[in-house]
Amino acid sequence: MKKITLITLLFFSLTNLFAQEEENLQNYTPSILFGKGDFEFKTFQNYYTQTRSFETTSSKGPAGERQNFFTSINQFLYGINDQINVGFDVWVKSTSLPNPAGGRTNQSGLSLIGPKIKIAPFKGLSRLSIQSTYLFPVLDDQENRAAGTENPFFFFSHDRSIWLTQFFYDKPISDKFQLFFQQAFWYAVVRDSFRPENYLETQTSVFFSYFADSRWTIYGMTEYFPTHYNDVSQSGEFATNWFVQSGLGLKYQLIPGLIETELLYTNFWLGSEGNGAGQTFNLGVRLINQK
């Protein structure tokens, strides 16, 4: 009983201590770099599920039994100084698809890992930053195309390396409202894939945040994500496949100045023919250590 009491008292003491910190995690958008010796760890769980696909740009039709794709993105970022941060990503994936022979086929594993660097190129524009990450595939044959594989052509994940370059910018509108913009370039370096040529994907995202108080943030987002590759001709072509997703999110500072939690729901409401018309359920936890 004494141990429980001591742990409880320690927890509330720490909570009160961090509540007095001047730093507010709402200030630390992806645009902002960390100072020397500060660091961030974030884990973001993304669960995408679908039973429908786009028959036309805005109309949806059945796509067979439910398909589920789970991605756990784990990120670490360390401040060299307030203009250069470095870190790494670890991506874990799990896929569950219907098996033509009956039942379901499942596969999980460590999919991608790689280093990253983030810079603020203009000292006078602290809310503009560029982040570059190179992700290497860990598992072999992630599309199960090799001869003799246990589950032939089961799509666990794209079999590729990814060079991901992201431009971040946010604009405070008032003490309560903020706009955040992201423009990202995903360059895929393929291995043994159904797309035999390297290709580019671009991602444009806009977030509108409302700070209800110093601990709660409510936001809406919309994202346009085209793939510049024609799967029929197997060649690069502008925006052949694309989708638009929008959603609502909520952030809460569990321990102010230290730990933030996040929930996000999105729905795919526009897309090119044949693309999945599903939805995502997301959970994030972010820890920031400041000197």
# chains A, B, ... in the order shown; residues from 1 in each chain; ligands from 1
$ closest_atom_pairs --of "segment 18-76 of chain A" --to "segment 130-151 of chain A" --cutoff "10 Å" --atoms "only C-alpha atoms" --output "tab-separated table"
residue	atom	partner	partner_atom	distance
A:Pro30	CA	A:Gln131	CA	9.5
A:Ser31	CA	A:Ile130	CA	8.1
A:Leu33	CA	A:Ile130	CA	9.9
$ residues_around --residues "segment 175-185 of chain A" --least-positions-apart "3" --cutoff "8 Å" --atoms "only C-alpha atoms" --output "list in words"
Trp163, Leu164, Thr165, Gln166, Phe167, Phe168, Tyr169, Asp170, Lys171, Pro172, Leu200, Glu201, Thr202, Gln203, Thr204, Ser205, Val206, Phe207, Phe208, Ser209, Tyr210, Phe211 and Ala212 of chain A
$ residues_around --residues "Gln83 of chain A" --least-positions-apart "5" --cutoff "12 Å" --atoms "only C-alpha atoms" --output "ChimeraX atom specification"
/A:31-36,78,117-131
$ write_last_selection --atoms "N, CA and C atoms" --output "short mmCIF file (atom, residue, chain, number, x, y, z; two decimals), in the first residue's frame"
data_model
loop_
_atom_site.label_atom_id
_atom_site.label_comp_id
_atom_site.auth_asym_id
_atom_site.auth_seq_id
_atom_site.Cartn_x
_atom_site.Cartn_y
_atom_site.Cartn_z
N SER A 31 6.55 22.40 -37.83
CA SER A 31 7.38 23.45 -38.44
C SER A 31 8.54 23.87 -37.54
N ILE A 32 8.39 23.69 -36.24
CA ILE A 32 9.34 24.23 -35.27
C ILE A 32 10.45 23.23 -34.98
N LEU A 33 11.69 23.70 -34.95
CA LEU A 33 12.82 22.86 -34.58
C LEU A 33 13.07 22.94 -33.08
N PHE A 34 13.75 21.93 -32.55
CA PHE A 34 14.10 21.90 -31.14
C PHE A 34 15.46 22.54 -30.91
N GLY A 35 15.63 23.11 -29.71
CA GLY A 35 16.90 23.72 -29.36
C GLY A 35 17.95 22.68 -29.01
N LYS A 36 19.16 23.12 -28.77
CA LYS A 36 20.28 22.23 -28.48
C LYS A 36 19.97 21.33 -27.28
N TYR A 78 16.27 14.93 -32.48
CA TYR A 78 17.16 15.53 -31.48
C TYR A 78 17.69 16.86 -31.99
N ILE A 117 16.97 14.32 -41.27
CA ILE A 117 17.54 15.61 -40.87
C ILE A 117 16.48 16.67 -41.13
N LYS A 118 16.43 17.64 -40.22
CA LYS A 118 15.44 18.72 -40.33
C LYS A 118 16.17 20.04 -40.15
N ILE A 119 15.88 20.99 -41.03
CA ILE A 119 16.57 22.27 -40.97
C ILE A 119 15.58 23.42 -41.05
N ALA A 120 15.95 24.53 -40.44
CA ALA A 120 15.24 25.81 -40.61
C ALA A 120 16.16 26.67 -41.47
N PRO A 121 15.93 26.75 -42.78
CA PRO A 121 16.91 27.38 -43.67
C PRO A 121 17.05 28.89 -43.49
N PHE A 122 16.01 29.54 -42.95
CA PHE A 122 16.05 30.99 -42.79
C PHE A 122 15.85 31.34 -41.32
N LYS A 123 16.84 31.92 -40.71
CA LYS A 123 16.79 32.20 -39.27
C LYS A 123 15.64 33.13 -38.91
N GLY A 124 15.26 34.00 -39.83
CA GLY A 124 14.16 34.91 -39.56
C GLY A 124 12.78 34.29 -39.76
N LEU A 125 12.73 33.05 -40.31
CA LEU A 125 11.46 32.36 -40.52
C LEU A 125 11.49 31.04 -39.75
N SER A 126 11.28 31.13 -38.44
CA SER A 126 11.38 29.95 -37.58
C SER A 126 10.25 28.97 -37.81
N ARG A 127 9.18 29.41 -38.45
CA ARG A 127 8.03 28.53 -38.68
C ARG A 127 8.03 27.92 -40.08
N LEU A 128 9.14 28.02 -40.77
CA LEU A 128 9.34 27.34 -42.05
C LEU A 128 10.51 26.37 -41.90
N SER A 129 10.27 25.09 -42.20
CA SER A 129 11.34 24.10 -42.06
C SER A 129 11.23 23.06 -43.16
N ILE A 130 12.34 22.35 -43.35
CA ILE A 130 12.43 21.28 -44.36
C ILE A 130 12.98 20.03 -43.67
N GLN A 131 12.32 18.92 -43.89
CA GLN A 131 12.76 17.66 -43.30
C GLN A 131 12.97 16.62 -44.41
#
$ atom_distance --atom1 "atom CA of Phe88 of chain A" --atom2 "atom CA of Thr43 of chain A"
12.1 Å
$ residues_around --residues "segment 275-284 of chain A" --least-positions-apart "5" --cutoff "7 Å" --atoms "only C-alpha atoms" --output "ChimeraX atom specification"
/A:43-54,60,261-269
$ atom_distance --atom1 "atom CA of Pro226 of chain A" --atom2 "atom CA of Phe155 of chain A"
20.1 Å
$ closest_residue --among "A:Phe194, A:Tyr219, A:Trp91, A:Trp242" --to "Leu110 of chain A" --atoms "only C-alpha atoms"
A:Trp91
$ select_by_dssp --residues "segment 42-112 of chain A" --states "strand (DSSP E or B)" --output "PyMOL selection string"
chain A and resi 42-54+60-81+84-98+104-112
$ closest_residue --among "A:Lys93, A:Arg66, A:Arg191, A:Lys291" --to "Ser161 of chain A" --atoms "only C-alpha atoms"
A:Arg191
$ closest_residue --among "A:Gly109, A:Gly271, A:Gly37, A:Pro256" --to "Thr71 of chain A" --atoms "only C-alpha atoms"
A:Gly109
$ atom_distance --atom1 "atom CA of Ile259 of chain A" --atom2 "atom CA of Asn74 of chain A"
15.1 Å
$ closest_residue --among "A:Gly274, A:Pro196, A:Gln75, A:Val244" --to "Pro62 of chain A" --atoms "only C-alpha atoms"
A:Gly274
$ decode --residues "segment 42-63 of chain A" --atoms "N, CA and C atoms" --output "tab-separated table (two decimals), in the first residue's frame"
chain	number	residue	atom	x	y	z
A	42	LYS	N	7.88	10.46	-30.89
A	42	LYS	CA	6.46	10.37	-31.22
A	42	LYS	C	6.17	9.01	-31.81
A	43	THR	N	5.09	8.40	-31.34
A	43	THR	CA	4.60	7.17	-31.95
A	43	THR	C	3.18	7.43	-32.44
A	44	PHE	N	2.93	7.10	-33.70
A	44	PHE	CA	1.65	7.40	-34.34
A	44	PHE	C	1.12	6.11	-34.97
A	45	GLN	N	-0.07	5.69	-34.52
A	45	GLN	CA	-0.66	4.44	-34.98
A	45	GLN	C	-1.78	4.76	-35.98
A	46	ASN	N	-1.62	4.26	-37.21
A	46	ASN	CA	-2.57	4.52	-38.29
A	46	ASN	C	-3.23	3.20	-38.71
A	47	TYR	N	-4.56	3.15	-38.61
A	47	TYR	CA	-5.32	1.96	-39.01
A	47	TYR	C	-6.26	2.35	-40.14
A	48	TYR	N	-5.97	1.82	-41.34
A	48	TYR	CA	-6.81	2.08	-42.52
A	48	TYR	C	-7.62	0.83	-42.82
A	49	THR	N	-8.92	1.00	-43.07
A	49	THR	CA	-9.79	-0.13	-43.38
A	49	THR	C	-10.75	0.26	-44.50
A	50	GLN	N	-11.05	-0.70	-45.39
A	50	GLN	CA	-11.94	-0.42	-46.51
A	50	GLN	C	-12.76	-1.64	-46.90
A	51	THR	N	-13.98	-1.36	-47.36
A	51	THR	CA	-14.81	-2.37	-48.02
A	51	THR	C	-15.34	-1.83	-49.34
A	52	ARG	N	-14.96	-0.57	-49.68
A	52	ARG	CA	-15.44	0.07	-50.89
A	52	ARG	C	-14.28	0.72	-51.63
A	53	SER	N	-14.48	0.98	-52.92
A	53	SER	CA	-13.50	1.68	-53.74
A	53	SER	C	-14.24	2.66	-54.64
A	54	PHE	N	-13.47	3.56	-55.27
A	54	PHE	CA	-14.09	4.58	-56.13
A	54	PHE	C	-14.38	4.00	-57.51
A	55	GLU	N	-15.67	4.08	-57.92
A	55	GLU	CA	-16.07	3.69	-59.28
A	55	GLU	C	-15.89	4.86	-60.23
A	56	THR	N	-16.18	6.05	-59.73
A	56	THR	CA	-15.86	7.31	-60.41
A	56	THR	C	-15.19	8.20	-59.37
A	57	THR	N	-14.92	9.45	-59.72
A	57	THR	CA	-14.22	10.34	-58.81
A	57	THR	C	-14.89	10.44	-57.45
A	58	SER	N	-16.22	10.52	-57.42
A	58	SER	CA	-16.93	10.75	-56.16
A	58	SER	C	-17.89	9.63	-55.77
A	59	SER	N	-18.13	8.66	-56.65
A	59	SER	CA	-19.06	7.58	-56.31
A	59	SER	C	-18.30	6.32	-55.91
A	60	LYS	N	-18.83	5.63	-54.91
A	60	LYS	CA	-18.17	4.46	-54.35
A	60	LYS	C	-18.97	3.20	-54.64
A	61	GLY	N	-18.26	2.09	-54.77
A	61	GLY	CA	-18.89	0.80	-54.98
A	61	GLY	C	-18.23	-0.25	-54.11
A	62	PRO	N	-18.82	-1.43	-54.00
A	62	PRO	CA	-18.24	-2.48	-53.16
A	62	PRO	C	-16.88	-2.94	-53.69
A	63	ALA	N	-15.99	-3.26	-52.75
A	63	ALA	CA	-14.64	-3.72	-53.11
A	63	ALA	C	-14.33	-5.07	-52.47
